[in-house]
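Q: Structure file target_32.txt (compact mmCIF, C-alpha atoms) is given on the next line.
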```
# COMPACT_ATOMS: atom_id res chain seq x y z
CA MET A 1 108.31 85.53 97.53
CA ALA A 2 111.74 85.29 99.05
CA CYS A 3 112.34 88.78 100.39
CA THR A 4 111.39 89.69 103.93
CA SER A 5 109.05 92.51 102.90
CA CYS A 6 106.98 90.17 100.72
CA SER A 7 106.97 87.21 103.12
CA THR A 8 103.80 86.05 104.83
CA SER A 9 102.77 87.56 108.14
CA ASP A 10 100.74 86.07 110.96
CA GLY A 11 97.82 84.05 109.69
CA GLY A 12 99.37 83.31 106.28
CA ALA A 13 98.42 86.65 104.68
CA PRO A 14 101.19 88.25 102.57
CA LYS A 15 102.56 91.53 103.83
CA GLY A 16 103.17 93.03 100.40
CA CYS A 17 106.00 95.45 99.73
CA LYS A 18 103.72 97.61 97.52
CA ASN A 19 106.59 98.28 95.13
CA ASN A 20 104.66 96.81 92.17
CA GLY A 21 107.49 94.89 90.58
CA THR A 22 110.45 96.97 91.82
CA CYS A 23 111.50 94.81 94.76
CA GLY A 24 114.82 95.95 96.19
CA THR A 25 116.07 92.42 96.79
CA ASP A 26 115.30 91.16 93.27
CA SER A 27 112.70 88.66 94.43
CA CYS A 28 109.74 89.92 92.36
CA ASN A 29 111.43 91.70 89.45
CA LYS A 30 109.98 91.79 85.97
CA LEU A 31 111.85 90.14 83.09
CA THR A 32 114.35 88.37 85.33
CA VAL A 33 116.97 86.09 83.78
CA PHE A 34 118.02 82.86 85.44
CA ASP A 35 121.81 82.79 85.85
CA TRP A 36 122.58 79.15 85.11
CA LEU A 37 126.33 79.93 85.09
CA SER A 38 126.42 81.23 88.67
CA ASN A 39 127.77 77.96 90.12
CA MET A 40 130.57 77.64 87.57
CA THR A 41 134.01 78.97 88.36
CA LEU A 42 136.20 80.70 85.81
CA PRO A 43 139.35 79.02 84.53
CA SER A 44 142.59 80.07 86.13
CA GLY A 45 143.91 83.35 84.79
CA GLU A 46 140.51 84.47 83.41
CA ALA A 47 139.15 87.80 84.64
CA PRO A 48 135.38 88.09 85.22
CA PHE A 49 133.37 89.95 82.64
CA ASP A 50 133.35 93.64 83.49
CA CYS A 51 129.78 94.45 82.34
CA VAL A 52 126.59 93.96 84.32
CA GLU A 53 122.89 94.23 83.55
CA VAL A 54 120.98 96.86 85.54
CA ARG A 55 117.22 97.13 85.76
CA PHE A 56 115.23 100.30 86.40
CA LYS A 57 111.51 100.93 86.79
CA ASN A 58 109.06 98.62 85.00
CA GLY A 59 111.53 96.34 83.29
CA ARG A 60 113.77 98.96 81.63
CA LYS A 61 117.24 97.39 81.41
CA GLU A 62 120.62 98.78 80.47
CA PHE A 63 124.18 97.44 80.36
CA TYR A 64 126.91 99.20 82.39
CA ARG A 65 130.63 98.68 82.68
CA ASN A 66 132.18 97.99 86.07
CA THR A 67 135.28 100.13 85.69
CA GLU A 68 135.89 100.35 89.44
CA LYS A 69 135.97 96.52 89.73
CA LEU A 70 133.34 96.49 92.45
CA THR A 71 132.18 93.19 93.90
CA LEU A 72 128.62 93.11 92.61
CA SER A 73 125.96 90.45 92.94
CA ILE A 74 122.36 90.16 91.84
CA GLY A 75 120.14 92.48 93.88
CA ASP A 76 122.72 95.16 94.70
CA ILE A 77 121.54 98.76 94.38
CA ILE A 78 124.08 100.87 92.51
CA ALA A 79 124.53 104.43 91.24
CA THR A 80 125.13 104.73 87.51
CA VAL A 81 125.90 107.44 84.99
CA ALA A 82 122.96 109.61 83.87
CA SER A 83 122.57 112.86 81.98
CA PRO A 84 122.61 114.95 84.09
CA GLY A 85 123.48 113.59 87.54
CA HIS A 86 123.25 109.91 88.42
CA ASP A 87 120.59 107.24 88.42
CA ILE A 88 119.81 104.40 90.83
CA GLY A 89 119.22 100.86 89.58
CA ILE A 90 119.29 97.22 90.64
CA VAL A 91 121.79 94.64 89.36
CA THR A 92 119.90 91.79 87.70
CA LEU A 93 122.68 89.81 86.00
CA THR A 94 126.45 89.45 86.32
CA GLY A 95 129.17 87.26 84.85
CA GLU A 96 129.51 85.61 81.46
CA LEU A 97 125.78 85.45 80.89
CA VAL A 98 125.80 89.24 80.45
CA ARG A 99 128.00 88.76 77.39
CA VAL A 100 125.32 86.48 75.87
CA GLN A 101 122.60 89.04 76.59
CA MET A 102 124.60 91.87 75.05
CA LYS A 103 125.12 89.82 71.91
CA LYS A 104 121.39 89.10 71.80
CA LYS A 105 120.56 92.81 72.13
CA GLY A 106 123.18 93.82 69.57
CA VAL A 107 125.42 95.72 72.02
CA SER A 108 129.18 95.42 71.53
CA PRO A 109 131.05 94.58 74.78
CA THR A 110 134.14 96.47 73.60
CA SER A 111 132.27 99.64 72.67
CA ASN A 112 133.19 102.86 74.44
CA GLU A 113 129.54 103.93 74.47
CA VAL A 114 128.71 101.55 77.33
CA PRO A 115 128.17 103.78 80.42
CA LYS A 116 129.94 103.04 83.68
CA ILE A 117 129.00 102.43 87.29
CA TYR A 118 129.88 105.03 89.92
CA ARG A 119 129.52 103.16 93.20
CA LYS A 120 127.19 101.14 95.34
CA ALA A 121 124.26 103.25 96.48
CA SER A 122 124.47 104.69 99.96
CA GLN A 123 121.57 105.03 102.34
CA LYS A 124 121.22 108.70 101.41
CA ASP A 125 120.94 107.79 97.72
CA ILE A 126 118.27 105.21 98.48
CA ASP A 127 116.25 107.70 100.57
CA ILE A 128 116.28 110.30 97.78
CA TRP A 129 115.35 107.62 95.26
CA SER A 130 112.40 106.32 97.31
CA THR A 131 111.16 109.87 97.97
CA ALA A 132 111.19 110.62 94.25
CA ARG A 133 109.34 107.38 93.52
CA ASP A 134 106.54 108.34 95.92
CA LYS A 135 105.88 111.52 93.90
CA GLU A 136 105.22 109.67 90.63
CA GLU A 137 101.61 108.59 91.15
CA PRO A 138 100.14 111.99 92.17
CA MET A 139 102.20 113.63 89.42
CA LYS A 140 100.69 111.28 86.84
CA VAL A 141 97.16 112.30 87.84
CA ARG A 142 98.00 115.99 87.60
CA ALA A 143 99.85 115.51 84.30
CA ARG A 144 96.79 113.90 82.74
CA GLU A 145 94.65 116.82 83.87
CA LEU A 146 97.02 119.30 82.21
CA ALA A 147 97.06 117.25 78.98
CA ILE A 148 93.27 117.27 78.91
CA ALA A 149 93.24 121.03 79.54
CA HIS A 150 95.44 121.52 76.46
CA LYS A 151 93.08 119.26 74.45
CA LEU A 152 95.89 117.01 73.32
CA GLU A 153 95.07 113.53 71.98
CA MET A 154 97.62 111.70 74.08
CA LYS A 155 97.69 109.54 77.18
CA ILE A 156 100.26 109.88 79.95
CA SER A 157 100.82 106.23 80.80
CA ASP A 158 103.73 106.37 83.25
CA ILE A 159 106.27 108.67 84.92
CA GLU A 160 109.79 107.64 85.90
CA PHE A 161 111.99 109.80 88.13
CA GLN A 162 115.74 109.72 87.88
CA GLY A 163 117.53 108.31 90.92
CA ASP A 164 118.75 111.70 92.16
CA GLY A 165 115.31 113.30 91.58
CA SER A 166 116.63 115.88 89.09
CA LYS A 167 114.65 114.72 86.04
CA ALA A 168 111.30 113.08 85.31
CA THR A 169 110.55 111.13 82.15
CA PHE A 170 106.92 111.17 80.99
CA TYR A 171 105.91 108.16 78.87
CA TYR A 172 102.90 108.72 76.65
CA THR A 173 101.01 107.02 73.84
CA ALA A 174 99.33 108.71 70.90
CA ASN A 175 97.98 107.72 67.51
CA ASP A 176 99.35 110.76 65.69
CA ARG A 177 102.08 113.31 66.22
CA VAL A 178 101.41 115.62 69.16
CA ASP A 179 102.68 119.20 69.65
CA PHE A 180 103.39 119.29 73.40
CA ARG A 181 105.70 122.32 73.61
CA LEU A 182 103.27 124.31 75.74
CA LEU A 183 102.56 121.22 77.82
CA ILE A 184 106.24 120.83 78.74
CA LYS A 185 106.34 124.41 79.99
CA ASP A 186 103.35 123.75 82.23
CA PHE A 187 104.95 120.53 83.50
CA ALA A 188 108.20 122.31 84.38
CA LYS A 189 106.30 125.11 86.13
CA GLU A 190 103.98 122.73 87.98
CA PHE A 191 106.52 120.09 89.12
CA SER A 192 109.74 122.22 89.31
CA THR A 193 111.94 119.63 87.64
CA ARG A 194 113.48 118.79 84.29
CA VAL A 195 110.95 117.17 81.96
CA GLU A 196 111.59 114.63 79.22
CA MET A 197 108.80 113.30 76.99
CA LYS A 198 109.13 109.83 75.46
CA GLN A 199 106.55 108.21 73.20
CA VAL A 200 106.04 104.46 73.46
CA GLY A 201 103.87 102.05 71.54
CA PHE A 202 100.77 100.39 72.87
CA ARG A 203 102.58 97.10 73.30
CA GLN A 204 105.39 98.78 75.24
CA GLU A 205 102.83 100.51 77.43
CA ALA A 206 101.20 97.21 78.36
CA ALA A 207 104.63 95.71 79.05
CA ARG A 208 105.55 98.56 81.40
CA LEU A 209 102.29 98.60 83.32
CA GLY A 210 101.67 94.84 83.41
CA GLY A 211 98.37 93.10 84.06
CA ILE A 212 96.45 89.84 83.79
CA GLY A 213 95.57 88.40 80.41
CA SER A 214 92.45 86.53 79.34
CA CYS A 215 94.26 83.25 80.06
CA GLY A 216 94.47 84.14 83.76
CA ARG A 217 98.26 84.55 83.79
CA GLU A 218 100.40 87.66 83.88
CA LEU A 219 101.12 89.31 80.56
CA CYS A 220 103.93 87.68 78.61
CA CYS A 221 105.40 91.04 77.61
CA SER A 222 105.77 92.09 81.27
CA THR A 223 107.22 88.80 82.56
CA TRP A 224 109.50 87.14 80.01
CA LEU A 225 108.86 88.43 76.47
CA THR A 226 111.50 90.97 75.49
CA ASP A 227 110.97 91.40 71.73
CA PHE A 228 107.71 92.15 69.95
CA ARG A 229 107.18 90.31 66.69
CA SER A 230 104.53 91.36 64.21
CA VAL A 231 101.22 89.49 64.47
CA ASN A 232 98.90 89.30 61.45
CA THR A 233 95.33 88.14 61.06
CA SER A 234 96.62 85.35 58.82
CA ALA A 235 97.90 83.64 61.98
CA ALA A 236 94.31 83.43 63.20
CA ARG A 237 93.08 82.17 59.82
CA TYR A 238 95.61 79.35 59.72
CA GLN A 239 94.49 78.27 63.21
CA GLN A 240 90.82 78.52 62.15
CA LEU A 241 89.97 81.08 64.80
CA SER A 242 87.02 83.41 64.48
CA LEU A 243 88.11 86.89 63.45
CA ASN A 244 86.56 88.53 66.48
CA PRO A 245 88.65 91.55 67.51
CA GLN A 246 87.37 91.40 71.09
CA LYS A 247 88.77 87.87 71.52
CA LEU A 248 91.94 88.24 69.46
CA ALA A 249 93.04 91.59 70.93
CA GLY A 250 95.12 91.78 74.08
CA GLN A 251 95.30 94.37 76.81
CA CYS A 252 97.26 96.68 74.50
CA GLY A 253 94.45 96.67 71.94
CA LYS A 254 96.59 94.89 69.34
CA LEU A 255 96.56 91.24 68.30
CA LYS A 256 97.77 88.88 71.00
CA CYS A 257 101.40 87.82 70.83
CA CYS A 258 100.42 84.25 71.74
CA LEU A 259 98.86 83.79 68.29
CA ASN A 260 102.38 83.15 67.00
CA TYR A 261 103.24 80.50 69.59
CA GLU A 262 101.49 77.55 67.89
CA LEU A 263 101.50 78.92 64.35
CA ASP A 264 104.48 76.77 63.24
CA THR A 265 102.72 73.60 64.41
CA TYR A 266 99.65 74.47 62.38
CA MET A 267 101.74 75.33 59.33
CA ASP A 268 103.49 71.94 59.48
CA ALA A 269 100.15 70.13 59.81
CA LEU A 270 98.68 72.00 56.82
CA LYS A 271 101.43 70.85 54.47
CA GLY A 272 99.62 67.55 53.78
CA PHE A 273 96.27 69.23 53.15
CA PRO A 274 95.07 70.27 49.69
CA ASP A 275 94.15 73.87 49.13
CA PHE A 276 91.01 75.06 50.82
CA ASP A 277 89.72 76.44 47.49
CA THR A 278 89.99 73.04 45.75
CA LYS A 279 86.84 71.90 43.90
CA LEU A 280 85.93 68.24 43.51
CA VAL A 281 84.15 67.35 40.25
CA THR A 282 81.57 64.56 40.53
CA GLU A 283 78.66 63.31 38.47
CA LYS A 284 76.26 64.88 40.95
CA GLY A 285 77.96 68.22 40.62
CA ASP A 286 80.89 70.22 41.93
CA ALA A 287 81.77 70.14 45.62
CA VAL A 288 83.63 72.76 47.61
CA CYS A 289 85.32 72.57 51.00
CA GLN A 290 83.41 73.99 53.94
CA LYS A 291 85.54 73.02 56.94
CA GLN A 292 88.68 71.09 57.82
CA ASP A 293 90.06 69.51 60.97
CA ILE A 294 93.82 69.90 60.90
CA PHE A 295 94.86 67.38 63.55
CA LYS A 296 92.31 64.67 62.68
CA GLY A 297 92.97 64.97 58.95
CA LEU A 298 89.34 65.45 57.93
CA MET A 299 87.66 67.74 55.41
CA TRP A 300 83.98 68.59 54.99
CA PHE A 301 82.65 69.03 51.44
CA ALA A 302 79.23 70.12 50.17
CA TYR A 303 77.70 70.23 46.69
CA THR A 304 77.25 73.66 45.18
CA ASN A 305 73.57 72.94 44.60
CA ASN A 306 73.02 71.71 48.18
CA PHE A 307 75.08 73.46 50.82
CA ALA A 308 72.99 72.07 53.67
CA ASN A 309 74.40 68.52 53.49
CA TRP A 310 78.08 68.12 54.32
CA HIS A 311 80.15 65.01 53.64
CA VAL A 312 83.22 64.09 55.68
CA LEU A 313 86.26 62.85 53.77
CA LYS A 314 89.74 61.90 54.82
CA ILE A 315 92.74 63.56 53.23
CA ASP A 316 93.81 60.47 51.26
CA LYS A 317 90.32 60.14 49.77
CA VAL A 318 90.37 63.78 48.76
CA GLN A 319 93.75 63.26 47.11
CA GLU A 320 92.33 60.32 45.14
CA ILE A 321 89.43 62.40 43.86
CA ILE A 322 91.81 65.23 42.89
CA ALA A 323 94.01 62.75 41.01
CA GLU A 324 90.96 61.47 39.11
CA ASN A 325 89.90 65.01 38.25
CA LYS A 326 93.37 65.81 36.91
CA GLN A 327 92.89 62.98 34.42
CA LYS A 328 89.60 64.61 33.43
CA LYS A 329 87.55 61.87 35.06
CA LYS A 330 84.54 62.36 37.26
CA VAL A 331 83.84 60.26 40.29
CA SER A 332 80.33 59.01 40.89
CA ALA A 333 79.53 60.82 44.15
CA LEU A 334 81.05 61.98 47.41
CA GLU A 335 78.93 59.47 49.30
CA ASP A 336 81.17 56.66 48.03
CA TYR A 337 84.19 58.20 49.74
CA ALA A 338 82.57 59.77 52.80
CA ILE A 339 82.87 58.33 56.27
CA GLU A 340 80.41 58.34 59.13
CA ILE A 341 81.42 60.06 62.32
CA ILE A 342 80.07 58.43 65.44
CA GLN A 343 79.19 61.05 67.98
CA GLU A 344 80.45 60.21 71.41
CA ILE A 345 77.99 60.36 74.26
CA GLU A 346 78.86 63.21 76.53
CA LYS A 347 79.39 62.18 80.12
CA ASP A 348 77.26 64.09 82.54
CA PHE A 349 78.95 64.48 85.88
CA ASN A 350 76.58 65.29 88.72
CA ASN A 351 77.92 66.79 91.88
CA ALA A 352 76.30 65.03 94.80
CA MET A 353 77.34 67.74 97.22
CA GLY A 354 75.56 70.46 95.28
CA GLN A 355 78.61 72.68 95.08
CA GLU A 356 77.69 73.88 91.59
CA SER A 357 74.66 75.74 92.93
CA LEU A 358 75.20 79.45 93.42
CA THR A 359 72.40 79.72 95.95
CA ARG A 360 73.40 76.81 98.17
CA PHE A 361 74.26 79.16 101.07
CA ASP A 362 71.09 81.25 100.80
CA GLN A 363 68.36 80.74 103.36
CA PRO A 364 65.09 79.37 101.95
CA LYS A 365 62.37 81.97 101.65
CA LYS A 366 59.25 81.40 103.74
CA LYS A 367 55.96 81.27 101.86
CA LYS A 368 53.44 83.87 102.98
CA LYS A 369 50.06 82.53 104.09
CA PRO A 370 47.03 84.08 102.37
CA THR A 371 45.27 86.63 104.61
CA ARG A 372 41.55 86.08 105.33
CA LYS A 373 39.15 88.95 105.90
CA ILE A 374 37.33 88.61 109.25
CA LYS A 375 33.98 90.38 109.69
CA PRO A 376 33.59 92.65 112.74
CA ALA A 377 32.09 91.12 115.91
CA GLY A 378 28.79 93.15 116.11
CA GLU A 379 27.57 92.59 112.53
CA LYS A 380 24.22 90.75 112.15
CA VAL A 381 23.22 88.55 109.25
CA THR A 382 19.87 89.74 107.80
CA THR A 383 17.51 87.87 105.53
CA GLU A 384 14.66 89.14 103.39
CA ASN A 385 11.78 86.90 104.69
CA GLN A 386 12.26 86.89 108.44
CA ASP A 387 8.48 86.70 109.23
CA GLN A 388 7.97 83.42 107.36
CA PRO A 389 8.51 80.11 109.09
CA ALA A 390 11.96 78.65 109.24
CA SER A 391 11.10 75.84 106.88
CA GLU A 392 9.81 78.23 104.19
CA ASN A 393 12.80 80.54 104.57
CA LYS A 394 15.09 77.61 104.14
CA SER A 395 13.32 76.31 101.11
CA ASN A 396 12.64 79.62 99.37
CA ASN A 397 15.81 81.54 100.10
CA PRO A 398 18.57 79.07 100.53
CA ARG A 399 21.68 80.73 101.87
CA PRO A 400 24.65 80.34 99.50
CA ALA A 401 27.60 78.36 100.64
CA GLY A 402 30.32 80.33 102.27
CA ASN A 403 28.07 83.10 103.64
CA LYS A 404 27.15 81.41 106.90
CA PRO A 405 27.62 83.65 109.94
CA LYS A 406 30.75 82.81 111.79
CA GLN A 407 30.39 81.96 115.47
CA ALA A 408 33.11 82.81 117.88
CA ASN A 409 34.96 79.87 119.25
CA LYS A 410 33.95 80.22 122.88
CA LYS A 411 34.83 77.64 125.45
CA PRO A 412 31.98 76.31 127.66
CA SER A 413 31.98 77.60 131.18
CA ASN A 414 32.99 75.29 133.98
CA ASN A 415 30.74 77.07 136.56
CA LYS A 416 28.23 74.42 137.79
CA ASN A 417 26.27 76.81 140.07
CA VAL A 418 24.73 78.76 137.21
CA PRO A 419 21.13 77.55 136.63
CA LYS A 420 20.04 76.23 133.28
CA GLY A 421 18.29 78.60 130.92
CA GLU A 422 20.00 81.72 132.12
CA ASN A 423 22.41 83.59 129.97
CA THR A 424 25.89 82.41 130.71
CA PRO A 425 28.98 84.27 129.66
CA ASN A 426 30.07 81.32 127.49
CA PRO A 427 26.92 79.46 126.35
CA GLN A 428 27.29 76.24 124.42
CA PRO A 429 26.01 76.34 120.83
CA ARG A 430 22.64 74.56 120.43
CA LYS A 431 21.47 72.52 117.49
CA PRO A 432 18.63 74.17 115.46
CA ILE A 433 15.16 72.59 115.79
CA ILE A 434 13.50 71.97 112.43
CA ILE A 435 9.66 71.87 112.40
CA THR A 436 7.99 70.11 109.48
CA LYS A 437 4.42 70.66 108.19
CA ASN A 438 3.15 67.25 109.30
CA GLU A 439 4.01 67.99 112.91
CA ASN A 440 2.05 71.32 112.82
CA LYS A 441 -1.16 69.53 111.66
CA LYS A 442 -0.99 67.14 114.55
```
Do you think you could lay out the structure here as structure tokens?

A:
Amino acid sequence: MACTSCSTSDGGAPKGCKNNGTCGTDSCNKLTVFDWLSNMTLPSGEAPFDCVEVRFKNGRKEFYRNTEKLTLSIGDIIATVASPGHDIGIVTLTGELVRVQMKKKGVSPTSNEVPKIYRKASQKDIDIWSTARDKEEPMKVRARELAIAHKLEMKISDIEFQGDGSKATFYYTANDRVDFRLLIKDFAKEFSTRVEMKQVGFRQEAARLGGIGSCGRELCCSTWLTDFRSVNTSAARYQQLSLNPQKLAGQCGKLKCCLNYELDTYMDALKGFPDFDTKLVTEKGDAVCQKQDIFKGLMWFAYTNNFANWHVLKIDKVQEIIAENKQKKKVSALEDYAIEIIQEIEKDFNNAMGQESLTRFDQPKKKKKPTRKIKPAGEKVTTENQDQPASENKSNNPRPAGNKPKQANKKPSNNKNVPKGENTPNPQPRKPIIITKNENKK
């Protein structure tokens, strides 16, 4: 960004002029043309070309004649002829390069139909123009509501005010013809201005609004592409692309214009290939083409009685088999002409820093410890045969493991004055005395 309003502020963050492609100093214009003749001086006695290129909102460009011989340069804001009143635009190209652009667009430089320039825009003109531009976004929302109320199958895509604010042009898209006579009356009553309706195609709508394509770059139609060529599905077939409308369609809903960019290269590469429908006659049976690699010069064939096994042949080998078939001769088998493709081992790159992990900044979750149920302190453990001796109870009713009564972990008392045998607040646990039958007899 070269203009002051789009330059970076403190901390490196861009300020942003919020003009969305209508920068007043021509630093972020759409569809700009590089003037490579700007440093060249005219021969002596030659007058500069009297036409200039003027850009309006969203890439709309017109050619105007400089009848007043004003000193204009790229980025100047000027007032031009409009019907009615005047319009405000920005000069995007001057000099001899305008003559080349007019010839490209089919506009005659000597024609009397080329409108003229009034003057350079004053500060009052710029204030009226900017005020009218601020009304466009809320008007678009209200215009869509009125179109929906009339149940019209149309979409109001954009609104452009004239420079003097006397007229508003509503751009819309529709699949069929729309009767909007009642809608225009409501627009004129609601917005109190002259209304002009203009239908545009879906490609033109995407070019006016702009956006980001699936490639990650700005749309070609809104940055440098000025003419829309027809795109057919045959362009995708020649490039062996899957006919998936979700992948082949652009933001406009039509086929992408970039499908034509590499089509000529594919067409030149396909000149040395035989037809895709060519059949190879062998002793094992007929073989048909299943796949072809244009840039490696390979074709995959399979027998009609066994489509599971494919054989890879080079183009020259296929041409030899076709030449033999034209002489009404059959080759032995495709295996004699096939080649083996060695699959390359894919390199596995491991990131030692672990930057590919999406959860590398998350804190590890703590594992919850299992909760144990503790019995209340006053509960006594009862047994069925309490009157029998301890030895018999132990032998007859052994207590299952895990059901032993839990003893509280009490620390022994450090009080030495307490006599032995008396109940102490923290008695030490004693070992159980086991009495056997032999000891009782003695």

Q: Which neighbours of Cys51 of chain A fall inside 10 Å, counting all atoms listed in the file, when residues of the same chain fewer than 2 positions from it are skipped, and could you give them as a ChimeraX atom specification?

A: /A:48-49,53-54,63-67,69,93-99,102,109-110,114-117

Q: Could you pull the residues within 8 Å of Phe161 of chain A, counting all atoms listed in the file, minus those fewer than 5 positions along the same chain, as a ChimeraX atom specification?

A: /A:132-133,136,166-169

Q: Select all residues near (117.5, 98.0, 91.6) (cut-off 7 Å, inclusive, file coordinates), counting only C-alpha atoms, and output them as a list in words.

A: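 Looking at atoms near the point gives Gly24, Arg55, Phe56, Gly75, Asp76, Ile77, Ile88, Gly89, Ile90 and Val91 of chain A.
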
Q: Quick one: distance from atom CA of Asn232 of chain A to atom CA of Asp264 of chain A in Å, one decimal?

A: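 A separation of 13.8 Å between them.
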
Q: Env of Phe276 of chain A: 12 Å cut, atoms = only C-alpha atoms, seq-sep filter 4 positions within chain, self excluded. Answer as a list in words.

A: Arg237, Tyr238, Gln240, Leu270, Lys271, Gly272, Leu280, Ala287, Val288, Cys289, Gln290, Lys291, Gln292, Asp293, Ile294, Met299, Trp300, Phe301, Ile315 and Val318 of chain A

Q: Which is closer to Cys220 of chain A than all the others in A:Ile159, A:Ala236, A:Cys257, A:Ile341, using only C-alpha atoms?

A: A:Cys257

Q: Residues around (88.9, 61.4, 52.0), cut-off 9 Å, counting only C-alpha atoms - what are they as a VMD selection string?

A: chain A and resid 297 to 299 312 to 321 337 to 339

Q: Could you write out that same residue set with C-alpha atoms as a compact mmCIF listing (two decimals), keeping the file's coordinate frame?

A:
```
# COMPACT_ATOMS: atom_id res chain seq x y z
CA GLY A 297 92.97 64.97 58.95
CA LEU A 298 89.34 65.45 57.93
CA MET A 299 87.66 67.74 55.41
CA VAL A 312 83.22 64.09 55.68
CA LEU A 313 86.26 62.85 53.77
CA LYS A 314 89.74 61.90 54.82
CA ILE A 315 92.74 63.56 53.23
CA ASP A 316 93.81 60.47 51.26
CA LYS A 317 90.32 60.14 49.77
CA VAL A 318 90.37 63.78 48.76
CA GLN A 319 93.75 63.26 47.11
CA GLU A 320 92.33 60.32 45.14
CA ILE A 321 89.43 62.40 43.86
CA TYR A 337 84.19 58.20 49.74
CA ALA A 338 82.57 59.77 52.80
CA ILE A 339 82.87 58.33 56.27
```

Q: Show me, as number ranges by chain, the residues that have an atom within 10 Å of Ala174 of chain A when counting only C-alpha atoms, minus same-chain residues fewer than 2 positions from it.

A: A: 152-156, 172, 176-178, 199-202

Q: What gap, in Å, lies between atom CA of Leu225 of chain A and atom CA of Gly210 of chain A?

A: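 Between atom CA of Leu225 of chain A and atom CA of Gly210 of chain A the gap works out to 11.9 Å.
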
Q: Select, from A:Lys151, A:Lys140, A:Arg194, A:Lys104, the residue with the minimum atom-to-atom distance to Pro84 of chain A, counting all atoms listed in the file.

A: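 Checking each candidate against Pro84 of chain A, we get A:Arg194 as the closest.
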
Q: Quick one: 5 Å padding each side, axis-aligned, all listed atoms of segment 173-186 of chain A - centre and edge lengths in Å to one decimal, as AutoDock Vina command-line options?

A:
```
--center_x 102.2 --center_y 115.7 --center_z 74.0 --size_x 18.4 --size_y 27.4 --size_z 26.5
```

Q: Take atom CA of Thr359 of chain A and atom CA of Gly216 of chain A and report the distance between them in Å, one decimal.

A: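 So the answer is 25.6 Å.
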
Q: Restricting the calculation to only C-alpha atoms, which member of A:Gln101, A:Gln123, A:Gln162, A:Asn260 is positioned closest to Asp87 of chain A?

A: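 The answer is A:Gln162, which sits nearest to Asp87 of chain A.
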
Q: May I ask which of the residues A:Lys329, A:Ser157, A:Ala147, A:Lys105 is the closest one to Arg181 of chain A, counting all atoms listed in the file?

A: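 Ranked by minimum distance to Arg181 of chain A, first place goes to A:Ala147.
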